[in-house]
>>> print(open('protein.csv').read())   # CSV, C-alpha atoms
chain,number,residue,atom,x,y,z
E,1,MET,CA,20.8,-5.1,-22.9
E,2,SER,CA,18.7,-3.3,-20.3
E,3,ASP,CA,17.8,-4.7,-16.9
E,4,PRO,CA,14.6,-6.6,-16.6
E,5,LYS,CA,11.6,-4.8,-15.2
E,6,PHE,CA,11.0,-5.3,-11.5
E,7,VAL,CA,8.3,-4.1,-9.0
E,8,ILE,CA,8.9,-3.9,-5.3
E,9,VAL,CA,5.6,-3.9,-3.4
E,10,ILE,CA,5.5,-3.0,0.3
E,11,GLY,CA,2.6,-3.8,2.5
E,12,ARG,CA,2.9,-2.4,6.0
E,13,GLN,CA,1.4,-1.9,9.4
E,14,TYR,CA,0.7,1.7,10.1
E,15,GLY,CA,3.7,3.4,11.7
E,16,SER,CA,6.2,0.7,10.7
E,17,GLY,CA,8.0,2.9,8.2
E,18,GLY,CA,6.7,1.5,4.9
E,19,ARG,CA,6.6,4.8,3.1
E,20,LYS,CA,10.1,5.7,4.3
E,21,LEU,CA,11.4,2.4,3.1
E,22,GLY,CA,9.7,2.7,-0.2
E,23,LYS,CA,11.2,6.1,-0.9
E,24,ARG,CA,14.6,5.0,0.1
E,25,LEU,CA,14.5,2.0,-2.2
E,26,SER,CA,13.2,4.1,-5.1
E,27,GLU,CA,16.0,6.6,-4.7
E,28,ARG,CA,18.6,3.9,-4.3
E,29,LEU,CA,17.4,2.1,-7.4
E,30,GLY,CA,16.6,5.2,-9.5
E,31,VAL,CA,13.0,4.1,-10.2
E,32,ALA,CA,9.6,5.6,-9.7
E,33,TYR,CA,7.8,5.6,-6.3
E,34,TYR,CA,4.1,5.3,-6.0
E,35,ASP,CA,1.9,5.7,-3.0
E,36,LYS,CA,-1.1,8.1,-2.9
E,37,GLU,CA,-0.1,9.2,-6.4
E,38,LEU,CA,-1.9,6.1,-7.6
E,39,LEU,CA,-5.1,7.6,-6.3
E,40,SER,CA,-4.5,10.8,-8.4
E,41,GLU,CA,-4.1,8.8,-11.6
E,42,ALA,CA,-7.2,6.7,-10.8
E,43,ALA,CA,-9.2,9.9,-10.1
E,44,SER,CA,-8.1,11.4,-13.4
E,45,ARG,CA,-9.2,8.3,-15.2
E,46,LEU,CA,-12.7,8.7,-13.7
E,47,GLY,CA,-12.8,12.4,-14.1
E,48,PHE,CA,-12.9,13.0,-10.4
E,49,ARG,CA,-10.8,15.0,-8.0
E,50,ALA,CA,-8.1,13.0,-6.1
E,51,ASP,CA,-9.5,13.9,-2.7
E,52,LEU,CA,-12.7,12.0,-3.5
E,53,LEU,CA,-10.7,8.8,-4.0
E,54,GLU,CA,-8.7,9.6,-0.9
E,55,LYS,CA,-11.8,8.9,1.2
E,56,ALA,CA,-11.7,5.3,0.0
E,57,ASP,CA,-8.0,4.9,0.3
E,58,GLU,CA,-7.2,1.4,1.8
E,59,ARG,CA,-10.5,1.4,3.7
E,60,PRO,CA,-13.1,-1.3,3.6
E,61,PRO,CA,-15.9,-0.8,1.2
E,62,SER,CA,-19.0,1.0,2.5
E,63,PRO,CA,-21.9,-1.5,2.9
E,64,LEU,CA,-24.4,1.2,2.0
E,65,ARG,CA,-22.5,2.2,-1.2
E,66,SER,CA,-22.1,-1.4,-2.2
E,67,MET,CA,-25.8,-2.0,-1.7
E,68,LEU,CA,-26.7,1.0,-3.8
E,69,GLY,CA,-24.4,-0.2,-6.6
E,70,ALA,CA,-25.9,-3.6,-6.5
E,71,ASN,CA,-29.5,-2.4,-6.5
E,72,LEU,CA,-29.2,0.5,-8.9
E,73,GLY,CA,-26.4,-0.4,-11.3
E,74,SER,CA,-23.2,1.2,-12.3
E,75,SER,CA,-24.9,4.5,-13.1
E,76,THR,CA,-24.9,5.2,-9.3
E,77,TRP,CA,-21.1,5.9,-9.5
E,78,PHE,CA,-22.1,9.5,-9.6
E,79,THR,CA,-25.1,9.4,-7.2
E,80,SER,CA,-24.7,12.1,-4.5
E,81,GLY,CA,-21.1,12.4,-5.6
E,82,ALA,CA,-20.3,8.9,-4.5
E,83,MET,CA,-18.5,6.2,-6.4
E,84,HIS,CA,-19.0,2.4,-6.0
E,85,SER,CA,-16.1,1.0,-4.0
E,86,ASP,CA,-15.6,-1.8,-6.5
E,87,THR,CA,-15.3,0.6,-9.4
E,88,ILE,CA,-12.6,2.6,-7.5
E,89,TYR,CA,-10.7,-0.6,-6.9
E,90,LYS,CA,-11.0,-1.8,-10.5
E,91,VAL,CA,-9.7,1.5,-11.9
E,92,GLN,CA,-6.9,1.6,-9.3
E,93,SER,CA,-5.9,-2.0,-10.2
E,94,ASP,CA,-5.8,-1.1,-13.9
E,95,VAL,CA,-3.5,1.9,-13.1
E,96,ILE,CA,-1.2,-0.3,-11.0
E,97,ARG,CA,-0.9,-2.8,-13.9
E,98,ALA,CA,-0.2,-0.1,-16.4
E,99,ILE,CA,2.5,1.4,-14.1
E,100,ALA,CA,4.2,-2.0,-13.7
E,101,GLU,CA,4.1,-2.5,-17.5
E,102,GLN,CA,5.8,0.9,-18.1
E,103,GLY,CA,8.9,0.1,-16.1
E,104,SER,CA,10.5,-0.8,-12.8
E,105,CYS,CA,9.1,0.9,-9.7
E,106,VAL,CA,8.3,0.7,-6.0
E,107,ILE,CA,4.6,0.6,-4.9
E,108,VAL,CA,3.4,1.0,-1.3
E,109,GLY,CA,0.1,-0.7,-0.3
E,110,ARG,CA,-3.1,-0.9,-2.3
E,111,THR,CA,-3.0,-4.7,-2.5
E,112,ALA,CA,-0.4,-4.3,-5.3
E,113,ASP,CA,1.2,-7.6,-4.2
E,114,TYR,CA,-2.1,-9.4,-5.2
E,115,ILE,CA,-2.8,-7.3,-8.3
E,116,LEU,CA,0.7,-8.0,-9.6
E,117,ARG,CA,1.0,-11.6,-8.4
E,118,ASP,CA,1.7,-12.9,-11.9
E,119,HIS,CA,4.4,-10.2,-12.7
E,120,PRO,CA,7.7,-12.0,-13.3
E,121,GLY,CA,9.7,-9.3,-11.6
E,122,LEU,CA,7.6,-8.9,-8.4
E,123,LEU,CA,9.2,-8.8,-5.0
E,124,SER,CA,6.6,-8.4,-2.3
E,125,ILE,CA,7.4,-7.2,1.2
E,126,PHE,CA,5.4,-6.9,4.4
E,127,LEU,CA,6.8,-4.5,7.0
E,128,HIS,CA,5.7,-4.7,10.6
E,129,ALA,CA,6.9,-3.4,14.0
E,130,ASP,CA,6.0,-3.6,17.7
E,131,ILE,CA,3.1,-1.5,18.7
E,132,GLU,CA,5.2,0.7,21.1
E,133,ASP,CA,7.6,1.5,18.4
E,134,ARG,CA,4.8,2.4,16.0
E,135,VAL,CA,3.1,4.7,18.6
E,136,LYS,CA,6.5,6.5,19.1
E,137,GLU,CA,6.9,6.9,15.3
E,138,VAL,CA,3.5,8.3,14.8
E,139,MET,CA,3.6,10.6,17.8
E,140,THR,CA,7.0,11.9,16.7
E,141,ASN,CA,6.4,12.4,13.0
E,142,GLU,CA,2.6,12.7,12.5
E,143,ALA,CA,0.7,13.5,15.6
E,144,PRO,CA,2.9,15.2,18.2
E,145,ASP,CA,-0.2,16.9,19.8
E,146,LYS,CA,-2.1,13.6,20.4
E,147,SER,CA,-1.9,11.5,23.5
E,148,TYR,CA,-0.5,8.0,23.6
E,149,ARG,CA,-4.0,6.5,23.9
E,150,GLU,CA,-5.3,8.5,20.9
E,151,VAL,CA,-2.3,7.5,18.7
E,152,ARG,CA,-2.6,3.8,19.7
E,153,GLU,CA,-6.3,3.9,18.8
E,154,GLN,CA,-5.5,5.6,15.5
E,155,ILE,CA,-3.0,2.9,14.7
E,156,GLU,CA,-5.3,0.1,15.6
E,157,LYS,CA,-8.1,1.6,13.5
E,158,ARG,CA,-5.9,2.2,10.5
E,159,ASP,CA,-4.6,-1.4,10.7
E,160,ALA,CA,-8.1,-2.8,11.0
E,161,ASP,CA,-9.1,-0.8,7.9
E,162,ARG,CA,-6.2,-2.0,5.9
E,163,LYS,CA,-6.8,-5.6,6.9
E,164,ALA,CA,-10.5,-5.4,6.0
E,165,TYR,CA,-9.7,-3.7,2.6
E,166,TYR,CA,-7.0,-6.2,1.7
E,167,ASN,CA,-8.9,-9.3,2.8
E,168,ASN,CA,-12.1,-8.1,1.0
E,169,TYR,CA,-10.4,-7.5,-2.4
E,170,THR,CA,-7.8,-10.3,-2.4
E,171,GLY,CA,-9.4,-13.2,-0.6
E,172,ARG,CA,-6.1,-13.5,1.3
E,173,ASN,CA,-5.2,-12.6,4.9
E,174,TRP,CA,-3.4,-9.3,5.4
E,175,GLY,CA,0.0,-9.6,7.0
E,176,VAL,CA,0.3,-13.4,6.8
E,177,ALA,CA,3.9,-14.3,5.9
E,178,SER,CA,3.0,-16.8,3.3
E,179,ASN,CA,1.4,-14.1,1.1
E,180,TYR,CA,4.7,-12.2,0.7
E,181,HIS,CA,8.2,-13.0,-0.4
E,182,LEU,CA,9.7,-11.3,2.7
E,183,THR,CA,8.3,-10.2,6.0
E,184,LEU,CA,10.6,-7.9,8.1
E,185,SER,CA,10.4,-6.1,11.4
E,186,SER,CA,11.5,-2.5,11.7
E,187,SER,CA,11.6,-3.0,15.4
E,188,ARG,CA,14.4,-5.6,15.1
E,189,LEU,CA,16.3,-4.0,12.2
E,190,PRO,CA,16.9,-0.4,11.2
E,191,LEU,CA,15.5,0.6,7.8
E,192,GLU,CA,19.1,0.8,6.4
E,193,ALA,CA,19.6,-2.9,7.1
E,194,ILE,CA,16.1,-3.8,5.8
E,195,GLU,CA,16.9,-1.9,2.6
E,196,GLU,CA,20.1,-3.9,2.1
E,197,LEU,CA,18.3,-7.2,2.7
E,198,ILE,CA,15.7,-6.3,0.1
E,199,LEU,CA,18.3,-5.2,-2.5
E,200,SER,CA,20.1,-8.5,-1.9
E,201,ALA,CA,16.9,-10.4,-2.5
E,202,LEU,CA,16.1,-8.4,-5.6
E,203,ARG,CA,19.5,-9.0,-7.1
E,204,THR,CA,19.3,-12.7,-6.3
E,205,SER,CA,15.9,-13.1,-8.0
E,206,ILE,CA,16.3,-10.6,-10.8
E,207,PRO,CA,19.8,-10.0,-12.2
E,208,LEU,CA,20.5,-6.2,-12.1
E,209,SER,CA,23.4,-4.0,-13.1
E,210,ALA,CA,25.7,-3.0,-10.3
E,211,ASP,CA,25.1,0.4,-8.6
>>> encode(input="protein.csv", output="structure tokens")
Amino acid sequence: MSDPKFVIVIGRQYGSGGRKLGKRLSERLGVAYYDKELLSEAASRLGFRADLLEKADERPPSPLRSMLGANLGSSTWFTSGAMHSDTIYKVQSDVIRAIAEQGSCVIVGRTADYILRDHPGLLSIFLHADIEDRVKEVMTNEAPDKSYREVREQIEKRDADRKAYYNNYTGRNWGVASNYHLTLSSSRLPLEAIEELILSALRTSIPLSAD
């Protein structure tokens, strides 16, 4: 008998190591990992290039675009090359559900914890870290040429966008512990220890074969 399907979903503050953690877990468990790849699938469904969806990736909907969609109807998806934010979100949600139906996987971000809230094999995580640690992480691995102030502003902006995006589409509050099964700090624990905690929680809630 095969193992039951599970989905590990990771919400995260920018610079806390969410993508690294997701990739580690997917490799350890031998399951698919999804991050920005979801955007490519959604773009394909709509017949657009992935880079067009990238512009709306975990960012709050544009008031102007939403107003156009409300006033002119769904045909405005293609007006001036723009797509209605709600349309992008709906297609992306459909893709996430389809992926979860196909088999076990790890998904980072994109409100997947909310979209898959009724999935019997869901384990939702929120990863956070102290701002100083996140600045160091981003400066070391993503923006070595930027100043401390520039990187901190970048982090604060990205977190604000993710919060607005999440809150808008879920009606929940991004990062609030009660919305997730586990909330963990990568400032207090290394990713290796966090990985083990998540695997332990997964095996407790969903019986799996031994490694």
>>> closest_residue(input="protein.csv", among="E:Arg158, E:Arg203, E:Lys23, E:Arg45", to="Cys105 (chain E)", atoms="only C-alpha atoms")
E:Lys23
>>> atom_distance(input="protein.csv", atom1="CA of His119 (chain E)", atom2="CA of Ala100 (chain E)")
8.3 Å
>>> closest_residue(input="protein.csv", among="E:Glu132, E:Ser40, E:Ala98, E:Gly17", to="Glu156 (chain E)", atoms="only C-alpha atoms")
E:Glu132
>>> closest_residue(input="protein.csv", among="E:Ile206, E:Ala43, E:Leu189, E:Leu127", to="Val176 (chain E)", atoms="only C-alpha atoms")
E:Leu127
>>> closest_residue(input="protein.csv", among="E:Ser124, E:Thr183, E:Ser16, E:Ser93", to="Val106 (chain E)", atoms="only C-alpha atoms")
E:Ser124
